[in-house]
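Note: the block below is coords.txt and it holds compact mmCIF, C-alpha atoms and all ligand atoms.
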# COMPACT_ATOMS: atom_id res chain seq x y z
CA MET A 1 -38.67 7.76 164.12
CA GLN A 2 -38.95 7.56 160.35
CA ASP A 3 -41.85 5.40 159.20
CA PHE A 4 -41.14 1.89 158.08
CA THR A 5 -41.75 2.34 154.36
CA SER A 6 -39.53 5.36 153.90
CA TRP A 7 -36.86 3.84 156.16
CA ARG A 8 -36.92 0.69 154.07
CA SER A 9 -36.65 2.44 150.73
CA GLN A 10 -33.81 4.59 152.03
CA PHE A 11 -31.68 1.95 153.75
CA ALA A 12 -32.73 -1.50 152.61
CA PRO A 13 -34.10 -1.06 149.09
CA GLU A 14 -32.50 -4.25 147.79
CA VAL A 15 -34.14 -6.50 150.36
CA VAL A 16 -37.11 -8.01 148.57
CA GLY A 17 -39.90 -9.73 150.46
CA GLU A 18 -43.24 -9.04 152.07
CA SER A 19 -43.53 -12.22 154.12
CA GLU A 20 -43.96 -11.80 157.86
CA PRO A 21 -40.53 -13.08 158.93
CA ILE A 22 -38.77 -10.76 156.47
CA LEU A 23 -40.83 -7.77 157.62
CA ASP A 24 -40.07 -8.73 161.24
CA ALA A 25 -36.35 -8.91 160.50
CA LEU A 26 -36.43 -5.52 158.78
CA GLU A 27 -38.36 -4.00 161.68
CA THR A 28 -35.79 -5.31 164.17
CA VAL A 29 -32.99 -3.87 162.09
CA ARG A 30 -34.77 -0.53 161.86
CA ARG A 31 -35.16 -0.36 165.63
CA VAL A 32 -31.56 -1.14 166.51
CA ALA A 33 -29.55 0.13 163.53
CA GLY A 34 -28.98 3.52 165.14
CA THR A 35 -27.56 2.05 168.35
CA ASP A 36 -24.15 0.46 168.81
CA CYS A 37 -25.35 -2.90 170.01
CA SER A 38 -24.12 -6.14 168.50
CA ILE A 39 -26.40 -8.08 166.22
CA LEU A 40 -26.47 -11.78 165.49
CA ILE A 41 -27.94 -12.73 162.13
CA THR A 42 -28.79 -16.37 161.61
CA GLY A 43 -30.06 -18.15 158.55
CA GLU A 44 -29.20 -20.75 155.98
CA THR A 45 -26.81 -20.01 153.15
CA GLY A 46 -28.14 -17.45 150.67
CA THR A 47 -30.87 -16.06 152.93
CA GLY A 48 -29.43 -12.54 152.86
CA LYS A 49 -27.30 -12.35 156.01
CA GLU A 50 -24.71 -10.11 154.41
CA LEU A 51 -27.39 -8.07 152.69
CA PHE A 52 -28.99 -7.37 156.08
CA ALA A 53 -25.64 -6.64 157.71
CA ARG A 54 -24.92 -4.01 155.08
CA ALA A 55 -28.36 -2.51 155.62
CA VAL A 56 -27.63 -2.20 159.35
CA HIS A 57 -24.40 -0.38 158.63
CA ARG A 58 -26.04 1.90 156.10
CA ALA A 59 -28.85 2.76 158.49
CA SER A 60 -26.42 3.54 161.33
CA THR A 61 -24.48 6.68 162.14
CA ARG A 62 -21.36 4.78 161.10
CA ARG A 63 -22.46 4.76 157.46
CA GLY A 64 -19.70 7.14 156.37
CA ARG A 65 -17.09 4.76 157.82
CA LYS A 66 -15.89 1.37 156.78
CA PHE A 67 -17.91 -1.82 156.64
CA ILE A 68 -15.45 -4.69 156.84
CA PRO A 69 -16.74 -8.19 156.11
CA ILE A 70 -14.69 -11.14 157.30
CA ASN A 71 -15.47 -14.75 156.68
CA CYS A 72 -14.18 -16.56 159.74
CA ALA A 73 -14.51 -19.94 157.98
CA ALA A 74 -12.27 -18.90 155.11
CA ILE A 75 -9.21 -17.87 157.11
CA PRO A 76 -6.89 -20.64 158.35
CA GLU A 77 -7.12 -20.99 162.10
CA GLN A 78 -3.48 -20.14 162.78
CA LEU A 79 -3.80 -16.83 160.89
CA LEU A 80 -7.18 -15.79 162.17
CA GLU A 81 -6.18 -14.02 165.37
CA SER A 82 -3.51 -11.93 163.70
CA GLU A 83 -5.89 -11.18 160.83
CA LEU A 84 -8.56 -9.93 163.23
CA PHE A 85 -6.58 -8.36 166.04
CA GLY A 86 -3.21 -7.66 164.37
CA HIS A 87 0.24 -8.61 165.59
CA ILE A 88 3.42 -6.94 166.71
CA LYS A 89 6.72 -7.24 164.90
CA GLY A 90 8.31 -10.61 165.63
CA ALA A 91 5.15 -12.09 167.19
CA PHE A 92 5.69 -15.28 165.18
CA THR A 93 7.91 -16.53 162.37
CA GLY A 94 7.17 -14.40 159.36
CA ALA A 95 5.82 -11.46 161.34
CA VAL A 96 8.49 -9.15 159.96
CA ASN A 97 6.41 -6.06 160.49
CA ALA A 98 3.64 -5.12 162.86
CA ARG A 99 0.12 -5.32 161.38
CA PRO A 100 -2.96 -3.56 162.68
CA GLY A 101 -5.59 -6.24 162.01
CA ARG A 102 -9.15 -5.85 160.75
CA PHE A 103 -10.64 -4.52 163.96
CA MET A 104 -8.26 -1.58 163.90
CA SER A 105 -8.99 -1.04 160.20
CA ALA A 106 -12.70 -0.96 160.99
CA HIS A 107 -12.22 1.67 163.72
CA GLU A 108 -15.37 3.82 163.98
CA GLY A 109 -17.07 1.57 161.44
CA THR A 110 -18.70 -1.84 161.40
CA ILE A 111 -17.15 -5.28 161.25
CA PHE A 112 -19.18 -8.14 159.84
CA LEU A 113 -18.02 -11.47 161.25
CA ASP A 114 -19.50 -14.03 158.93
CA GLU A 115 -19.55 -17.69 160.00
CA ILE A 116 -18.88 -16.72 163.59
CA GLY A 117 -19.53 -20.36 164.57
CA ASP A 118 -16.20 -21.20 162.97
CA LEU A 119 -14.27 -18.90 165.27
CA PRO A 120 -11.85 -20.95 167.41
CA LEU A 121 -12.23 -20.69 171.19
CA SER A 122 -9.06 -18.62 171.69
CA ALA A 123 -10.26 -16.01 169.19
CA GLN A 124 -13.68 -16.09 170.85
CA ALA A 125 -12.05 -14.99 174.10
CA LYS A 126 -10.36 -12.07 172.36
CA LEU A 127 -13.56 -11.07 170.64
CA LEU A 128 -15.36 -11.01 173.96
CA ARG A 129 -12.77 -8.54 175.25
CA VAL A 130 -13.37 -6.29 172.27
CA LEU A 131 -17.08 -6.34 172.98
CA GLU A 132 -16.85 -5.87 176.72
CA GLU A 133 -13.86 -3.60 177.11
CA ARG A 134 -13.56 -2.07 173.65
CA VAL A 135 -9.89 -2.97 173.36
CA VAL A 136 -7.86 -5.28 171.14
CA SER A 137 -4.60 -6.89 172.06
CA PRO A 138 -2.51 -7.71 168.99
CA VAL A 139 -0.87 -11.13 168.88
CA GLY A 140 2.42 -10.97 170.79
CA SER A 141 1.58 -7.73 172.57
CA ASP A 142 1.09 -7.19 176.32
CA SER A 143 -0.80 -3.98 175.89
CA ASP A 144 -4.32 -3.22 174.74
CA LEU A 145 -5.36 -0.73 172.12
CA PRO A 146 -8.72 1.02 172.31
CA VAL A 147 -11.01 0.38 169.37
CA ASP A 148 -14.51 1.54 168.50
CA VAL A 149 -16.21 -1.00 166.27
CA ARG A 150 -19.75 -2.21 165.92
CA VAL A 151 -19.93 -5.97 165.57
CA ILE A 152 -22.45 -7.77 163.42
CA ALA A 153 -22.04 -11.52 163.45
CA ALA A 154 -23.69 -14.14 161.28
CA THR A 155 -23.86 -17.88 161.08
CA HIS A 156 -25.79 -20.70 159.48
CA ARG A 157 -25.02 -22.86 162.52
CA ASN A 158 -27.04 -23.38 165.63
CA LEU A 159 -24.92 -21.50 168.17
CA GLU A 160 -27.10 -22.56 171.10
CA GLU A 161 -26.27 -26.15 170.31
CA MET A 162 -22.59 -25.25 170.02
CA VAL A 163 -22.79 -23.60 173.43
CA ALA A 164 -24.32 -26.78 174.85
CA GLN A 165 -21.51 -28.80 173.30
CA GLY A 166 -18.85 -26.45 174.65
CA THR A 167 -17.55 -25.34 171.24
CA PHE A 168 -18.93 -21.82 171.52
CA ARG A 169 -18.56 -19.63 174.61
CA ALA A 170 -21.85 -18.99 176.35
CA ASP A 171 -20.81 -15.49 177.46
CA LEU A 172 -19.89 -14.52 173.92
CA TYR A 173 -23.13 -15.98 172.61
CA PHE A 174 -25.26 -13.92 175.01
CA ARG A 175 -23.25 -10.84 174.25
CA LEU A 176 -23.69 -11.23 170.49
CA ALA A 177 -27.28 -12.35 170.58
CA VAL A 178 -28.58 -9.26 172.36
CA VAL A 179 -30.40 -8.58 169.14
CA PRO A 180 -31.08 -11.76 167.19
CA VAL A 181 -32.22 -11.47 163.60
CA GLU A 182 -33.45 -14.73 162.12
CA LEU A 183 -33.65 -14.89 158.37
CA PRO A 184 -36.13 -17.48 157.16
CA ALA A 185 -35.29 -20.06 154.52
CA LEU A 186 -36.94 -19.30 151.20
CA ARG A 187 -39.04 -22.48 151.39
CA GLU A 188 -40.61 -21.11 154.57
CA ARG A 189 -41.90 -18.03 152.81
CA PRO A 190 -43.31 -19.21 149.48
CA GLU A 191 -45.08 -15.89 148.97
CA ASP A 192 -41.69 -14.28 148.41
CA ILE A 193 -40.45 -16.82 145.86
CA ILE A 194 -42.40 -15.50 142.88
CA ARG A 195 -41.83 -11.91 143.90
CA ILE A 196 -38.07 -12.39 143.99
CA ALA A 197 -38.12 -14.47 140.79
CA GLU A 198 -39.99 -11.74 138.94
CA LEU A 199 -37.58 -9.09 140.07
CA CYS A 200 -34.67 -11.28 138.99
CA ILE A 201 -36.30 -11.71 135.58
CA VAL A 202 -36.58 -7.97 135.11
CA ARG A 203 -32.94 -7.48 136.14
CA ALA A 204 -31.56 -10.33 134.03
CA ALA A 205 -33.64 -9.41 131.00
CA GLU A 206 -32.43 -5.84 131.23
CA LYS A 207 -28.83 -6.97 131.52
CA LEU A 208 -29.16 -9.24 128.50
CA GLY A 209 -31.28 -6.87 126.49
CA ARG A 210 -34.20 -9.31 126.31
CA ARG A 211 -37.90 -8.71 126.62
CA ILE A 212 -39.37 -11.24 129.00
CA THR A 213 -42.77 -10.82 130.52
CA GLY A 214 -42.74 -13.39 133.31
CA LEU A 215 -43.20 -17.02 134.22
CA ASP A 216 -45.70 -19.49 132.84
CA ASP A 217 -47.88 -21.43 135.30
CA ALA A 218 -45.85 -24.63 135.20
CA ALA A 219 -42.63 -22.70 135.90
CA ARG A 220 -44.34 -20.95 138.80
CA ASN A 221 -45.42 -24.27 140.28
CA THR A 222 -41.94 -25.70 139.91
CA LEU A 223 -40.44 -22.73 141.74
CA LEU A 224 -43.01 -23.06 144.52
CA ALA A 225 -42.45 -26.80 144.91
CA TYR A 226 -38.65 -26.75 145.02
CA HIS A 227 -36.96 -26.74 148.44
CA TRP A 228 -34.26 -24.12 147.70
CA PRO A 229 -31.27 -25.33 149.70
CA GLY A 230 -29.28 -22.35 148.36
CA ASN A 231 -32.17 -19.94 149.06
CA VAL A 232 -32.31 -16.53 147.34
CA ARG A 233 -28.87 -16.91 145.81
CA GLU A 234 -29.89 -20.17 144.17
CA LEU A 235 -33.17 -18.71 142.95
CA ALA A 236 -31.42 -15.71 141.42
CA HIS A 237 -28.97 -17.96 139.58
CA MET A 238 -31.68 -20.29 138.34
CA ILE A 239 -33.66 -17.36 136.96
CA GLU A 240 -30.62 -15.82 135.30
CA ARG A 241 -29.90 -19.09 133.53
CA ALA A 242 -33.54 -19.40 132.49
CA VAL A 243 -33.56 -15.89 131.04
CA LEU A 244 -30.49 -16.84 129.03
CA LEU A 245 -32.04 -20.06 127.79
CA THR A 246 -35.61 -19.19 127.07
CA ARG A 247 -36.55 -18.67 123.45
CA GLY A 248 -39.84 -16.91 123.85
CA ASP A 249 -40.94 -13.99 125.95
CA GLN A 250 -41.87 -16.11 128.97
CA ILE A 251 -39.87 -18.38 131.24
CA LEU A 252 -41.18 -21.89 130.73
CA ASP A 253 -40.86 -24.80 133.09
CA ALA A 254 -38.36 -26.43 130.72
CA ASP A 255 -36.09 -23.37 131.02
CA LEU A 256 -35.63 -23.99 134.74
CA GLN A 257 -32.70 -26.18 135.58
CA VAL A 258 -33.82 -27.66 138.82
CA PRO A 259 -31.08 -29.81 140.40
CA GLY A 260 -31.82 -33.50 140.29
CA ARG A 261 -34.24 -33.19 137.40
CA LYS A 262 -33.36 -34.19 133.88
CA THR A 263 -33.29 -31.16 131.62
CA LYS A 264 -33.09 -30.60 127.93
CA PHE A 265 -29.33 -30.32 128.38
CA ALA A 266 -28.87 -33.88 129.57
CA ARG A 267 -26.49 -35.70 127.32
CA ALA A 268 -26.03 -39.40 126.84
CA THR A 269 -23.43 -40.96 129.07
CA PRO A 270 -20.51 -42.27 127.00
CA ALA A 271 -20.51 -46.03 126.60
CA LEU A 272 -18.51 -47.95 129.14
CA GLY A 273 -15.15 -48.76 127.66
CA THR A 274 -14.86 -45.50 125.70
CA PRO A 275 -11.13 -44.71 125.80
CA VAL A 276 -10.43 -41.95 128.28
CA SER A 277 -8.60 -40.00 125.57
CA GLU A 278 -11.87 -39.71 123.65
CA LEU A 279 -13.83 -38.25 126.51
CA LYS A 280 -14.23 -34.52 126.22
CA VAL A 281 -15.09 -32.23 129.06
CA VAL A 282 -18.38 -30.85 127.89
CA PRO A 283 -19.20 -27.45 129.34
CA SER A 284 -22.36 -28.17 131.22
CA PRO A 285 -24.91 -25.52 132.11
CA SER A 286 -25.74 -27.32 135.31
CA LEU A 287 -23.91 -29.46 137.76
CA THR A 288 -25.91 -32.59 138.12
CA VAL A 289 -23.97 -35.74 137.39
CA LYS A 290 -26.44 -36.67 134.67
CA GLU A 291 -25.46 -33.60 132.75
CA ALA A 292 -21.76 -33.93 133.36
CA PRO A 293 -20.85 -37.24 131.76
CA ALA A 294 -17.32 -36.48 130.74
CA VAL A 295 -15.64 -36.43 134.13
CA PRO A 296 -11.98 -37.34 134.02
CA LEU A 297 -12.11 -40.77 135.55
CA GLY A 298 -8.55 -41.70 134.70
CA ASP A 299 -7.74 -45.34 134.04
CA THR A 300 -8.51 -46.50 137.53
CA LEU A 301 -11.08 -49.05 138.53
CA ASP A 302 -10.63 -48.13 142.16
CA LEU A 303 -14.04 -46.83 143.16
CA ARG A 304 -12.84 -44.50 145.88
CA SER A 305 -10.30 -42.69 143.73
CA ALA A 306 -12.76 -42.49 140.82
CA LEU A 307 -15.31 -40.88 143.14
CA GLU A 308 -12.65 -38.49 144.38
CA ASN A 309 -11.89 -37.49 140.81
CA LEU A 310 -15.57 -36.92 140.21
CA GLU A 311 -15.82 -34.85 143.36
CA ARG A 312 -12.81 -32.75 142.40
CA GLU A 313 -14.21 -32.14 138.95
CA LEU A 314 -17.62 -31.07 140.24
CA ILE A 315 -16.02 -28.81 142.84
CA ASP A 316 -13.85 -27.32 140.16
CA ARG A 317 -16.83 -26.67 137.92
CA ALA A 318 -18.84 -25.17 140.73
CA LEU A 319 -15.99 -22.85 141.65
CA ARG A 320 -15.53 -21.75 138.06
CA LYS A 321 -19.22 -21.18 137.71
CA ALA A 322 -19.32 -19.17 140.92
CA GLY A 323 -16.33 -17.11 139.81
CA GLY A 324 -14.28 -18.51 142.70
CA ASN A 325 -16.85 -17.63 145.35
CA ARG A 326 -16.85 -20.55 147.78
CA THR A 327 -20.20 -19.74 149.31
CA GLU A 328 -21.88 -19.80 145.93
CA ALA A 329 -19.96 -22.86 144.81
CA ALA A 330 -21.05 -24.68 147.97
CA ALA A 331 -24.68 -23.74 147.31
CA LEU A 332 -24.42 -25.06 143.76
CA LEU A 333 -22.99 -28.30 145.09
CA GLY A 334 -25.58 -28.57 147.82
CA LEU A 335 -22.86 -28.50 150.49
CA ASN A 336 -22.25 -26.34 153.51
CA ARG A 337 -19.50 -23.86 152.85
CA THR A 338 -17.51 -25.39 155.69
CA THR A 339 -17.75 -28.83 154.09
CA LEU A 340 -16.53 -27.39 150.80
CA VAL A 341 -13.63 -25.64 152.53
CA GLU A 342 -12.69 -28.93 154.21
CA LYS A 343 -12.76 -30.74 150.88
CA LEU A 344 -10.63 -28.05 149.24
CA ARG A 345 -8.16 -28.35 152.07
CA LYS A 346 -8.08 -32.10 151.65
CA TYR A 347 -7.45 -31.84 147.91
CA ALA A 348 -4.87 -29.10 148.31
CA ALA A 349 -2.85 -31.26 150.73
N1 LIG A 401 -34.48 -10.77 150.60
C1 LIG A 401 -33.69 -10.66 149.53
N2 LIG A 401 -34.04 -9.88 148.50
C2 LIG A 401 -33.26 -9.75 147.42
N3 LIG A 401 -32.08 -10.36 147.26
C3 LIG A 401 -31.66 -11.15 148.26
C4 LIG A 401 -32.44 -11.34 149.45
N4 LIG A 401 -31.78 -12.18 150.26
C5 LIG A 401 -30.66 -12.52 149.61
N5 LIG A 401 -30.57 -11.89 148.42
C6 LIG A 401 -29.49 -12.04 147.42
O1 LIG A 401 -29.02 -13.38 147.50
C7 LIG A 401 -27.61 -13.44 147.46
C8 LIG A 401 -27.09 -14.05 148.75
O2 LIG A 401 -27.27 -13.14 149.83
P1 LIG A 401 -26.21 -13.01 151.01
O3 LIG A 401 -24.82 -13.09 150.46
O4 LIG A 401 -26.57 -11.84 151.82
O5 LIG A 401 -26.55 -14.37 151.76
P2 LIG A 401 -25.87 -15.00 153.05
O6 LIG A 401 -26.96 -15.35 153.98
O7 LIG A 401 -24.78 -14.09 153.53
O8 LIG A 401 -25.28 -16.35 152.46
P3 LIG A 401 -23.98 -17.19 152.95
O9 LIG A 401 -24.33 -17.81 154.25
O10 LIG A 401 -23.88 -18.23 151.88
O11 LIG A 401 -22.85 -16.25 153.00
C9 LIG A 401 -27.13 -12.02 147.24
O12 LIG A 401 -26.94 -11.82 145.86
C10 LIG A 401 -28.27 -11.18 147.77
O13 LIG A 401 -28.32 -9.94 147.13
MG MG A 402 -22.69 -14.44 153.55
How does this structure look as structure tokens?
Amino acid sequence: MQDFTSWRSQFAPEVVGESEPILDALETVRRVAGTDCSILITGETGTGKELFARAVHRASTRRGRKFIPINCAAIPEQLLESELFGHIKGAFTGAVNARPGRFMSAHEGTIFLDEIGDLPLSAQAKLLRVLEERVVSPVGSDSDLPVDVRVIAATHRNLEEMVAQGTFRADLYFRLAVVPVELPALRERPEDIIRIAELCIVRAAEKLGRRITGLDDAARNTLLAYHWPGNVRELAHMIERAVLLTRGDQILDADLQVPGRKTKFARATPALGTPVSELKVVPSPSLTVKEAPAVPLGDTLDLRSALENLERELIDRALRKAGGNRTEAAALLGLNRTTLVEKLRKYAA
């Protein structure tokens, strides 16, 4: 077998980190990538679950075939089964034509089932059949179709707890978790924080055509002290913003927009009684309420609806900032993606 270092630079060059749990995770991936067994990747948002899943695919013999990522939390429950397993013509209202489904599209490749904990029980049963018998049965069909797909699943949830509560099938859990890969939260591997930050500085500076040499001591300490709820994704964004903002050739503490801390961008809150028509939406570089004074409150004094307006506005900003990516928007808001999706559903209704 290829040695670890050359394997890593060939198949997982973008995974940064020298901490023990990251090296362990990479070693597990190296050992099993070449087999067809299912892998369950767990970790908080932004810890690199998709990055690792792609590395598995790249390091496998399926690399020339498709890698199909599916976010189970983002697809409405009633559409999920047909999306995954396909449907026959006339299977339900609107099923004018037969559709193959993502498993069939991933034939001979890899399917990445993100947020597997959000998979409804009925779809869990069908997924188990794919894993055990290597067949899919499209919605509305009596017959099975053979399919050859490697499954990599991921979740930020505690599936064992879900099994205990009866919301996740135990048999499916054991089947998926043959090879568990646990990605540590960034706060659990402080030695990687500066390493990743420095790499992000080099990348961002290159992109923006700036010359930036690194972080000053205070900035370093701030990065080490923060708890990183959005993990690597949040760190990368914070550094990118800092590279944009900094005036000198070093990132200073003041250039870091740490959520919850007043920054040089904080603006005065408009005086109570300012007519709503005079409030402007000020583009804010961050999302803390302090820095976003001009939320459209409307004329209401009803606290609940004012808070809803505020929530909508912050969600809207986060989504715009994340270019529509719900995972990133949720991280910016400090929410679980599922919570954000629920809120979006509520506001869309
Ligand atoms: N170890 C790492 N080294 C370098 N970049 C990383 C690492 N882990 C994550 N990233 C980067 O952080 C971002 C988030 O990673 P990824 O999308 O894989 O996270 P995730 O665990 O799937 O998050 P979510 O649960 O929110 O979907 C990506 O831009 C990815 O490239
Ligand atoms: Mg992901």
At a cut-off of 8 Å and counting all atoms listed in the file, what residues surround ligand MG 402 (chain A)? Please answer as a list in words.
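Residues satisfying the distance criterion: Thr45, Gly46, Gly48, Lys49, Glu50, Leu51, Asn71, Asp114, Glu115, Ala154 and Thr327 of chain A.
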Chain A near ligand LIG 401 (chain A) within 10 Å: what's each residue's closest atom pair and its distance in Å to one decimal, counting all atoms listed in the file, ordered by chain then ascending residue number, as a tab-separated table?
residue	atom	partner	partner_atom	distance
A:Ala12	CA	A:LIG401	N2	9.4
A:Pro13	CA	A:LIG401	N2	8.8
A:Glu14	CA	A:LIG401	C2	5.6
A:Val15	CA	A:LIG401	N2	3.9
A:Val16	CA	A:LIG401	N2	3.6
A:Gly17	CA	A:LIG401	N1	5.5
A:Glu18	CA	A:LIG401	N1	9.0
A:Ser19	CA	A:LIG401	N1	9.8
A:Ile22	CA	A:LIG401	N1	7.3
A:Leu23	CA	A:LIG401	N1	9.9
A:Leu26	CA	A:LIG401	N1	9.9
A:Ile41	CA	A:LIG401	O6	8.6
A:Thr42	CA	A:LIG401	O6	7.9
A:Gly43	CA	A:LIG401	O6	6.2
A:Glu44	CA	A:LIG401	O9	5.9
A:Thr45	CA	A:LIG401	O9	3.5
A:Gly46	CA	A:LIG401	O8	3.5
A:Thr47	CA	A:LIG401	O6	4.1
A:Gly48	CA	A:LIG401	O4	3.1
A:Lys49	CA	A:LIG401	O6	3.6
A:Glu50	CA	A:LIG401	O4	3.6
A:Leu51	CA	A:LIG401	O4	4.0
A:Phe52	CA	A:LIG401	O4	6.6
A:Ala53	CA	A:LIG401	O4	7.9
A:Arg54	CA	A:LIG401	O4	8.6
A:Asn71	CA	A:LIG401	O11	8.4
A:Asp114	CA	A:LIG401	O11	7.2
A:Glu115	CA	A:LIG401	O9	7.5
A:Ala154	CA	A:LIG401	O7	7.8
A:Thr155	CA	A:LIG401	O9	6.8
A:His156	CA	A:LIG401	O9	6.2
A:Arg157	CA	A:LIG401	O9	9.7
A:Leu183	CA	A:LIG401	O6	8.0
A:Pro184	CA	A:LIG401	N1	9.5
A:Ala185	CA	A:LIG401	O6	9.6
A:Leu186	CA	A:LIG401	N4	8.8
A:Asp192	CA	A:LIG401	N1	8.3
A:Ile193	CA	A:LIG401	N1	9.7
A:Arg195	CA	A:LIG401	N2	9.3
A:Ile196	CA	A:LIG401	C2	6.5
A:Ala197	CA	A:LIG401	C2	9.5
A:Leu199	CA	A:LIG401	C2	8.6
A:Cys200	CA	A:LIG401	C2	8.7
A:Gly230	CA	A:LIG401	O10	7.7
A:Asn231	CA	A:LIG401	O1	7.4
A:Val232	CA	A:LIG401	O1	4.6
A:Arg233	CA	A:LIG401	O1	3.9
A:Glu234	CA	A:LIG401	O1	7.6
A:Leu235	CA	A:LIG401	O1	8.1
A:Ala236	CA	A:LIG401	O1	6.9
A:His237	CA	A:LIG401	O12	9.0
A:Asn325	CA	A:LIG401	O10	9.6
A:Arg326	CA	A:LIG401	O10	8.5
A:Thr327	CA	A:LIG401	O10	4.7
A:Glu328	CA	A:LIG401	O10	6.5
A:Ala329	CA	A:LIG401	O10	9.3
A:Ala330	CA	A:LIG401	O10	8.1
A:Ala331	CA	A:LIG401	O10	7.2
A:Asn336	CA	A:LIG401	O10	8.4
A:Arg337	CA	A:LIG401	O10	7.2
Name all residues at most 10 Å from A:Glu198 (count only C-alpha atoms; drop same-chain ones fewer than 4 positions away) and give them as a list in words.
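Residues near the query, excluding close chain neighbours: Asp192, Ile193, Ile194, Val202, Arg203, Ala204, Ile212, Thr213, Gly214, Leu215, Ala236 and Ile239 of chain A.
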Just the number, please: distance in Å from atom CA of A:Val341 to atom CA of A:Ile68, one decimal.
21.5 Å
Tell me, as a compact mmCIF listing (two decimals) with C-alpha atoms, in the frame of the given file, which residues lie within 8 Å of A:Glu81, counting only C-alpha atoms; anything in the same chain fewer than 4 positions away does not count.
# COMPACT_ATOMS: atom_id res chain seq x y z
CA GLU A 77 -7.12 -20.99 162.10
CA PHE A 85 -6.58 -8.36 166.04
CA GLY A 86 -3.21 -7.66 164.37
CA ALA A 123 -10.26 -16.01 169.19
CA VAL A 139 -0.87 -11.13 168.88
Taking (-9.8, -20.0, 153.8) in the coordinates of the supplied file, I want to know which residues reach to within 10 Å of it, counting all atoms listed in the file; could you give the answer as a PDB file with C-alpha atoms, keeping the file's coordinate frame?
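To be explicit, this is the file written out as result01.pdb:
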ATOM      1  CA  ASN A  71     -15.470 -14.750 156.680  1.00  0.00           C
ATOM      2  CA  CYS A  72     -14.180 -16.560 159.740  1.00  0.00           C
ATOM      3  CA  ALA A  73     -14.510 -19.940 157.980  1.00  0.00           C
ATOM      4  CA  ALA A  74     -12.270 -18.900 155.110  1.00  0.00           C
ATOM      5  CA  ILE A  75      -9.210 -17.870 157.110  1.00  0.00           C
ATOM      6  CA  PRO A  76      -6.890 -20.640 158.350  1.00  0.00           C
ATOM      7  CA  GLU A  77      -7.120 -20.990 162.100  1.00  0.00           C
ATOM      8  CA  LEU A  79      -3.800 -16.830 160.890  1.00  0.00           C
ATOM      9  CA  LEU A  80      -7.180 -15.790 162.170  1.00  0.00           C
ATOM     10  CA  ARG A 326     -16.850 -20.550 147.780  1.00  0.00           C
ATOM     11  CA  THR A 338     -17.510 -25.390 155.690  1.00  0.00           C
ATOM     12  CA  VAL A 341     -13.630 -25.640 152.530  1.00  0.00           C
ATOM     13  CA  GLU A 342     -12.690 -28.930 154.210  1.00  0.00           C
ATOM     14  CA  LEU A 344     -10.630 -28.050 149.240  1.00  0.00           C
ATOM     15  CA  ARG A 345      -8.160 -28.350 152.070  1.00  0.00           C
TER      16      ARG A 345
END
Å distance separating atom CA of A:His107 from atom CA of A:Gln2, one decimal place
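Atom CA of A:Gln2 lies at a distance of 27.6 Å from atom CA of A:His107.
For the choices A:Ala254, A:Leu332, A:Val147, A:Ala177, the atom-to-atom distance to A:Glu160 is smallest for A:Ala177 when using all atoms listed in the file.
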Atom CA of A:Ala125 and atom CA of A:Arg102 are how many Å apart?
16.4 Å
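Nearest to A:Pro138 of all the residues A:Phe67, A:Ile251, A:Trp228, A:Phe103 is A:Phe103, counting all atoms listed in the file.
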